[in-house]
Amino acid sequence: MDNSLTSQWVEDFEGSTVPDTIISSGKGGWAKIVGHDYAYEAVSGHSCLNLGHAHPELIEAATEGLKTLSYCSPEHQSHASIKLSNRLSDLLGGSYKIKYAISGSSANEMALNIARKRWQALGYTKKTVCLSLDRSYHGNLGQAKQVTGFVPFKVDTHITSDDFVYISSARNASTGALYSLTEIQAQLEAKIAEIGQARIACLFVEPVGFAGGVIIPPKGYLRLLRSLCDQYQISLVVDEVITGFGRTGTWFGFQQEGIRPDMVTLGKGITAGYFPLAAVAVDEPIYHDLLTHSVPLKMVITMAGHPTGCSIALKAIEIIERDNLCAKTADNEQHIKIYFAQIKQLPILQDIRGFGHMWGLEFRDFNGYSATELANRVAQVCQENACIVAAADGIIRINPPLNINQEECDMMSQAIVNAIISVTDSVKNKLTKE
Ligand SMILES: Cc1ncc(COP(=O)(O)O)c(C=O)c1O
């Protein structure tokens, strides 16, 4: 469709307008693209459609939820919001207070405020600095947009502040190698020494940096960050907006490291993408510090904790648990690996990495084509082959719905492999780009 025919302003993360994909309906993992056939949602919409479209149980939960209570002020509680907060706290390890938000950005914004207010309540008034990773994505609104470190996805690269400091991700951006835990510790301690422990409020980290290029840290990474945060009195905020609710094979990514974060931010898949809902889970001692010192949060968001969203979230959690979907991501991983092994030597590919339902295919400059052009071309061919993937910054990201079946998993993986082979063939024999 010609962009001039719609009043909607649509942009992708890199700022280009993407007017030609209009999705009219969906069934399971399949989306109907206007003018084309159904295509598989290999990135779960925007990494949130964990149980596919039109799931009858989620529709019923939404309908019943709306019939029972169509809205509840964020200054009150509903049965659904109470039940969900108890369920989330249990899933996270118990004794977390749940503060609802409406998007991943707003959950991170809240977590940042809570971290700062907590230190303020305890008399550490200089603790305002937020550390995050240079390849991180934590949202693009409010201060969350400053917590985001990944430059291609940053809203305002020209706005800098001493209160937002970036440290390296676990992967060396120029060599592609992972840093060792010793190197990571040395880098972080050097940064803490430079800024001063007395000024640092919190450290934000994603268990897997998905938007930043599917960066999978070495084993022990979160354990190391946990112990350094304890040592230097820094609140550890784990952003599970993408990784949460089963995508990594456990309910939450941090659980694979056996740690207890000070705060966990949740969004996207919390309602399987059926309703805008997000939350920050706050370790109870932090909540008590604010309460005891009478430091109010004052973050009241009209739509936060909407009872319909909470009802859907409860049902989504029930389905993931009942259908054993966390564990199934490991079986799917084996399938996906077999397909990707066939293409790893292709000259346009720099690296293939991933596990569970989180994969990244990194391209390299080849024959006059930039990695970004190649990734974008592959994404386009994938879509023509009935498979929707996300490309940005020369990397294709894949994270299919948790309830993908084996046939769909094979079809999705084959479509991606075919697209990469076909783009390789089309650029290989050219001496230079036309
Ligand atoms: C890890 C992470 N945190 C936060 C966000 C922001 O969420 P939202 O787009 O709902 O504001 C995202 C979005 O992609 C994300 O991937």
# chains A, B, ... in the order shown; residues from 1 in each chain; ligands from 1
>>> residues_around(residues="Leu51 of chain A", least_positions_apart="6", cutoff="10 Å", atoms="only C-alpha atoms", output="PDB file with C-alpha atoms, in the first residue's frame")
ATOM      1  CA  GLY A  28      -1.858 -19.536  15.483  1.00  0.00           C
ATOM      2  CA  GLY A  29       1.656 -18.574  14.463  1.00  0.00           C
ATOM      3  CA  SER A  44       6.493 -13.521  17.502  1.00  0.00           C
ATOM      4  CA  LEU A  58      -6.770 -16.260  25.771  1.00  0.00           C
ATOM      5  CA  GLY A 269       5.028 -11.833  26.478  1.00  0.00           C
ATOM      6  CA  THR A 271       0.048 -11.265  28.101  1.00  0.00           C
ATOM      7  CA  ALA A 272       1.355 -13.222  25.093  1.00  0.00           C
ATOM      8  CA  GLY A 273       1.000  -9.916  23.238  1.00  0.00           C
ATOM      9  CA  TYR A 274      -2.799  -9.768  23.647  1.00  0.00           C
ATOM     10  CA  ALA A 316      -1.025 -17.289  29.380  1.00  0.00           C
ATOM     11  CA  ILE A 319      -1.041 -22.451  29.309  1.00  0.00           C
ATOM     12  CA  ILE A 320       2.760 -22.212  29.283  1.00  0.00           C
ATOM     13  CA  LEU A 325       6.304 -24.918  26.796  1.00  0.00           C
ATOM     14  CA  PRO A 400       9.179 -17.845  17.314  1.00  0.00           C
ATOM     15  CA  PRO A 401       6.069 -18.393  19.449  1.00  0.00           C
ATOM     16  CA  LEU A 402       6.567 -20.925  22.238  1.00  0.00           C
ATOM     17  CA  ASN A 403       3.791 -23.163  20.925  1.00  0.00           C
ATOM     18  CA  ILE A 404       5.322 -23.615  17.466  1.00  0.00           C
TER      19      ILE A 404
END
>>> residues_near_ligand(ligand="ligand 1", cutoff="8 Å", atoms="only C-alpha atoms and all ligand atoms", output="JSON list (two decimals) with N, CA, C and O atoms, in the first residue's frame")
[["chain", "number", "residue", "atom", "x", "y", "z"],
["A", 46, "HIS", "N", 6.37, -8.71, 17.69],
["A", 46, "HIS", "CA", 7.53, -7.93, 18.12],
["A", 46, "HIS", "C", 8.06, -8.58, 19.40],
["A", 46, "HIS", "O", 8.12, -7.95, 20.46],
["A", 47, "SER", "N", 8.35, -9.86, 19.29],
["A", 47, "SER", "CA", 8.86, -10.66, 20.42],
["A", 47, "SER", "C", 7.86, -10.74, 21.58],
["A", 47, "SER", "O", 8.26, -10.71, 22.75],
["A", 102, "ILE", "N", 2.77, -0.27, 31.78],
["A", 102, "ILE", "CA", 2.04, -0.60, 30.56],
["A", 102, "ILE", "C", 2.94, -1.02, 29.39],
["A", 102, "ILE", "O", 2.46, -1.52, 28.39],
["A", 103, "SER", "N", 4.23, -0.78, 29.51],
["A", 103, "SER", "CA", 5.14, -1.16, 28.43],
["A", 103, "SER", "C", 6.49, -1.47, 29.07],
["A", 103, "SER", "O", 6.74, -1.08, 30.23],
["A", 104, "GLY", "N", 7.33, -2.13, 28.31],
["A", 104, "GLY", "CA", 8.67, -2.42, 28.81],
["A", 104, "GLY", "C", 9.40, -1.14, 29.20],
["A", 104, "GLY", "O", 10.07, -1.06, 30.23],
["A", 105, "SER", "N", 9.25, -0.10, 28.36],
["A", 105, "SER", "CA", 9.89, 1.19, 28.66],
["A", 105, "SER", "C", 9.42, 1.72, 30.01],
["A", 105, "SER", "O", 10.22, 2.17, 30.83],
["A", 106, "SER", "N", 8.11, 1.67, 30.24],
["A", 106, "SER", "CA", 7.60, 2.26, 31.49],
["A", 106, "SER", "C", 8.00, 1.41, 32.69],
["A", 106, "SER", "O", 8.23, 1.94, 33.78],
["A", 107, "ALA", "N", 8.13, 0.09, 32.51],
["A", 107, "ALA", "CA", 8.59, -0.77, 33.62],
["A", 107, "ALA", "C", 10.04, -0.42, 33.96],
["A", 107, "ALA", "O", 10.41, -0.32, 35.13],
["A", 108, "ASN", "N", 10.85, -0.20, 32.93],
["A", 108, "ASN", "CA", 12.26, 0.15, 33.19],
["A", 108, "ASN", "C", 12.39, 1.54, 33.81],
["A", 108, "ASN", "O", 13.22, 1.77, 34.68],
["A", 136, "SER", "N", 22.72, -2.63, 24.83],
["A", 136, "SER", "CA", 21.45, -2.97, 25.47],
["A", 136, "SER", "C", 20.28, -2.23, 24.84],
["A", 136, "SER", "O", 20.45, -1.17, 24.23],
["A", 137, "TYR", "N", 19.09, -2.81, 25.02],
["A", 137, "TYR", "CA", 17.86, -2.10, 24.67],
["A", 137, "TYR", "C", 16.90, -2.20, 25.84],
["A", 137, "TYR", "O", 16.55, -3.30, 26.28],
["A", 138, "HIS", "N", 16.48, -1.06, 26.36],
["A", 138, "HIS", "CA", 15.56, -1.06, 27.50],
["A", 138, "HIS", "C", 14.33, -0.19, 27.23],
["A", 138, "HIS", "O", 13.60, 0.13, 28.16],
["A", 139, "GLY", "N", 14.15, 0.22, 25.98],
["A", 139, "GLY", "CA", 12.98, 1.02, 25.66],
["A", 139, "GLY", "C", 13.37, 2.35, 25.05],
["A", 139, "GLY", "O", 14.55, 2.70, 24.98],
["A", 140, "ASN", "N", 12.35, 3.08, 24.61],
["A", 140, "ASN", "CA", 12.65, 4.35, 23.96],
["A", 140, "ASN", "C", 11.78, 5.50, 24.43],
["A", 140, "ASN", "O", 11.55, 6.46, 23.71],
["A", 141, "LEU", "N", 11.29, 5.40, 25.66],
["A", 141, "LEU", "CA", 10.52, 6.50, 26.25],
["A", 141, "LEU", "C", 11.18, 6.95, 27.54],
["A", 141, "LEU", "O", 11.89, 6.17, 28.18],
["A", 206, "GLU", "N", 20.21, -7.34, 30.51],
["A", 206, "GLU", "CA", 19.30, -8.35, 29.95],
["A", 206, "GLU", "C", 20.03, -9.69, 29.99],
["A", 206, "GLU", "O", 21.23, -9.74, 29.67],
["A", 209, "GLY", "N", 21.07, -10.19, 25.34],
["A", 209, "GLY", "CA", 20.83, -8.90, 24.69],
["A", 209, "GLY", "C", 20.26, -9.15, 23.31],
["A", 209, "GLY", "O", 21.00, -9.27, 22.33],
["A", 210, "PHE", "N", 18.95, -9.26, 23.23],
["A", 210, "PHE", "CA", 18.33, -9.69, 21.97],
["A", 210, "PHE", "C", 18.36, -8.59, 20.90],
["A", 210, "PHE", "O", 18.92, -8.78, 19.82],
["A", 211, "ALA", "N", 17.79, -7.43, 21.24],
["A", 211, "ALA", "CA", 17.75, -6.35, 20.26],
["A", 211, "ALA", "C", 19.16, -5.90, 19.88],
["A", 211, "ALA", "O", 19.44, -5.56, 18.73],
["A", 239, "ASP", "N", 16.39, -7.04, 33.17],
["A", 239, "ASP", "CA", 15.32, -6.73, 32.21],
["A", 239, "ASP", "C", 14.94, -8.03, 31.49],
["A", 239, "ASP", "O", 15.68, -8.53, 30.64],
["A", 240, "GLU", "N", 13.77, -8.55, 31.86],
["A", 240, "GLU", "CA", 13.29, -9.81, 31.25],
["A", 240, "GLU", "C", 12.12, -9.52, 30.30],
["A", 240, "GLU", "O", 11.28, -10.39, 30.07],
["A", 241, "VAL", "N", 12.09, -8.31, 29.76],
["A", 241, "VAL", "CA", 10.98, -7.93, 28.89],
["A", 241, "VAL", "C", 10.89, -8.87, 27.69],
["A", 241, "VAL", "O", 9.80, -9.28, 27.29],
["A", 242, "ILE", "N", 12.03, -9.25, 27.12],
["A", 242, "ILE", "CA", 12.01, -10.21, 26.01],
["A", 242, "ILE", "C", 12.22, -11.64, 26.51],
["A", 242, "ILE", "O", 11.54, -12.56, 26.08],
["A", 243, "THR", "N", 13.18, -11.81, 27.41],
["A", 243, "THR", "CA", 13.57, -13.18, 27.79],
["A", 243, "THR", "C", 12.56, -13.86, 28.71],
["A", 243, "THR", "O", 12.57, -15.09, 28.83],
["A", 265, "THR", "N", 12.24, -6.56, 35.41],
["A", 265, "THR", "CA", 11.21, -5.88, 34.62],
["A", 265, "THR", "C", 10.62, -6.85, 33.60],
["A", 265, "THR", "O", 11.33, -7.66, 33.00],
["A", 267, "GLY", "N", 7.41, -7.48, 30.50],
["A", 267, "GLY", "CA", 6.51, -6.83, 29.54],
["A", 267, "GLY", "C", 6.20, -7.81, 28.42],
["A", 267, "GLY", "O", 6.15, -9.02, 28.63],
["A", 268, "LYS", "N", 6.01, -7.30, 27.24],
["A", 268, "LYS", "CA", 5.80, -8.10, 26.02],
["A", 268, "LYS", "C", 4.98, -9.37, 26.24],
["A", 268, "LYS", "O", 3.77, -9.34, 26.28],
["A", 276, "PRO", "N", -1.69, -4.60, 26.35],
["A", 276, "PRO", "CA", -0.52, -3.88, 26.87],
["A", 276, "PRO", "C", -0.44, -3.99, 28.39],
["A", 276, "PRO", "O", -1.32, -3.50, 29.09],
["A", 278, "ALA", "N", 2.76, -4.46, 31.61],
["A", 278, "ALA", "CA", 4.16, -4.68, 31.99],
["A", 278, "ALA", "C", 4.22, -4.55, 33.50],
["A", 278, "ALA", "O", 3.23, -4.19, 34.15]]
>>> residues_around(residues="segment 333-344 of chain A", least_positions_apart="3", cutoff="12 Å", atoms="only C-alpha atoms", output="ChimeraX atom specification")
/A:42,247-249,326-330,347-363,398-400,402,404-424
>>> closest_residue(among="A:Pro152, A:Gly309, A:Gly35, A:Gly368", to="Tyr100 of chain A", atoms="only C-alpha atoms")
A:Gly309
>>> closest_atom_pairs(of="segment 285-390 of chain A", to="segment 64-81 of chain A", cutoff="7 Å", atoms="only C-alpha atoms", output="tab-separated table")
residue	atom	partner	partner_atom	distance
A:Val300	CA	A:Pro74	CA	6.3
A:Ile301	CA	A:Pro74	CA	6.5
A:Thr302	CA	A:Pro74	CA	6.0
A:Ala304	CA	A:Pro74	CA	6.0
A:Gly305	CA	A:Ser81	CA	6.1
A:His306	CA	A:Tyr71	CA	6.0
A:Pro307	CA	A:Ala80	CA	5.6
A:Thr308	CA	A:Gly65	CA	4.9
A:Cys310	CA	A:Ser81	CA	5.5
A:Ser311	CA	A:Ala80	CA	5.6
>>> atom_distance(atom1="atom CA of Leu236 of chain A", atom2="atom CA of Ile286 of chain A")
11.7 Å
>>> select_by_dssp(residues="segment 247-310 of chain A", states="strand (DSSP E or B)", output="list in words")
Met263, Val264, Thr265, Leu266, Ala278, Ala279, Val280, Ala281, Val282 and Asp283 of chain A
>>> write_last_selection(atoms="N, CA, C and O atoms", output="short mmCIF file (atom, residue, chain, number, x, y, z; two decimals), in the first residue's frame")
data_model
loop_
_atom_site.label_atom_id
_atom_site.label_comp_id
_atom_site.auth_asym_id
_atom_site.auth_seq_id
_atom_site.Cartn_x
_atom_site.Cartn_y
_atom_site.Cartn_z
N MET A 263 15.57 -6.21 41.20
CA MET A 263 14.33 -5.92 40.48
C MET A 263 14.35 -6.67 39.16
O MET A 263 15.42 -6.90 38.58
N VAL A 264 13.15 -7.04 38.70
CA VAL A 264 13.02 -7.70 37.40
C VAL A 264 11.95 -6.95 36.64
O VAL A 264 10.87 -6.69 37.19
N THR A 265 12.24 -6.56 35.41
CA THR A 265 11.21 -5.88 34.62
C THR A 265 10.62 -6.85 33.60
O THR A 265 11.33 -7.66 33.00
N LEU A 266 9.30 -6.73 33.44
CA LEU A 266 8.54 -7.68 32.62
C LEU A 266 7.64 -6.92 31.66
O LEU A 266 7.17 -5.83 32.00
N ALA A 278 2.76 -4.46 31.61
CA ALA A 278 4.16 -4.68 31.99
C ALA A 278 4.22 -4.55 33.50
O ALA A 278 3.23 -4.19 34.15
N ALA A 279 5.37 -4.86 34.07
CA ALA A 279 5.49 -4.80 35.52
C ALA A 279 6.94 -4.73 35.92
O ALA A 279 7.83 -5.14 35.16
N VAL A 280 7.16 -4.18 37.13
CA VAL A 280 8.48 -4.32 37.73
C VAL A 280 8.28 -5.08 39.03
O VAL A 280 7.41 -4.75 39.84
N ALA A 281 9.07 -6.16 39.16
CA ALA A 281 9.03 -6.95 40.39
C ALA A 281 10.15 -6.45 41.28
O ALA A 281 11.31 -6.38 40.85
N VAL A 282 9.80 -6.07 42.50
CA VAL A 282 10.76 -5.40 43.40
C VAL A 282 10.98 -6.29 44.62
O VAL A 282 10.01 -6.67 45.30
N ASP A 283 12.22 -6.61 44.86
CA ASP A 283 12.54 -7.44 46.03
C ASP A 283 12.00 -6.74 47.29
O ASP A 283 12.21 -5.53 47.47
#
>>> atom_distance(atom1="atom CA of Val205 of chain A", atom2="atom CA of Val238 of chain A")
5.1 Å
>>> atom_distance(atom1="atom CA of Asp163 of chain A", atom2="atom CA of Leu290 of chain A")
21.5 Å
>>> residues_around(residues="Thr182 of chain A", least_positions_apart="6", cutoff="12 Å", atoms="only C-alpha atoms", output="list of chain:residue names")
A:Ala170, A:Leu188, A:Glu189, A:Pro218, A:Gly220, A:Tyr221, A:Leu224, A:Leu225
>>> closest_residue(among="A:Gln233, A:Ser294, A:Arg223, A:Tyr287", to="Gly258 of chain A", atoms="only C-alpha atoms")
A:Arg223
>>> closest_residue(among="A:Ile317, A:Ala115, A:Val427, A:Val165", to="Asn367 of chain A", atoms="only C-alpha atoms")
A:Val427
>>> closest_residue(among="A:Lys145, A:His36, A:His55, A:Arg171", to="Gly212 of chain A", atoms="only C-alpha atoms")
A:Arg171
>>> select_by_dssp(residues="segment 130-220 of chain A", states="alpha helix (DSSP H)", output="PyMOL selection string")
chain A and resi 144-147+181-195
>>> residues_around(residues="Ala379 of chain A", least_positions_apart="5", cutoff="10 Å", atoms="only C-alpha atoms", output="JSON, numbers by chain")
{"A": [373, 374, 384, 385, 387, 388, 389, 390, 391, 392, 395, 396, 397, 416, 419, 420]}
>>> residues_around(residues="segment 193-201 of chain A", least_positions_apart="4", cutoff="7 Å", atoms="only C-alpha atoms", output="ChimeraX atom specification")
/A:115-116,119,126-130,189,232,234-235
>>> closest_residue(among="A:Gly394, A:Phe254, A:Phe153, A:Ser227", to="Glu11 of chain A", atoms="only C-alpha atoms")
A:Phe153
>>> residues_around(residues="Lys117 of chain A", least_positions_apart="2", cutoff="9 Å", atoms="only C-alpha atoms", output="PyMOL selection string")
chain A and resi 112-115+119-122+125+128+290+295-297
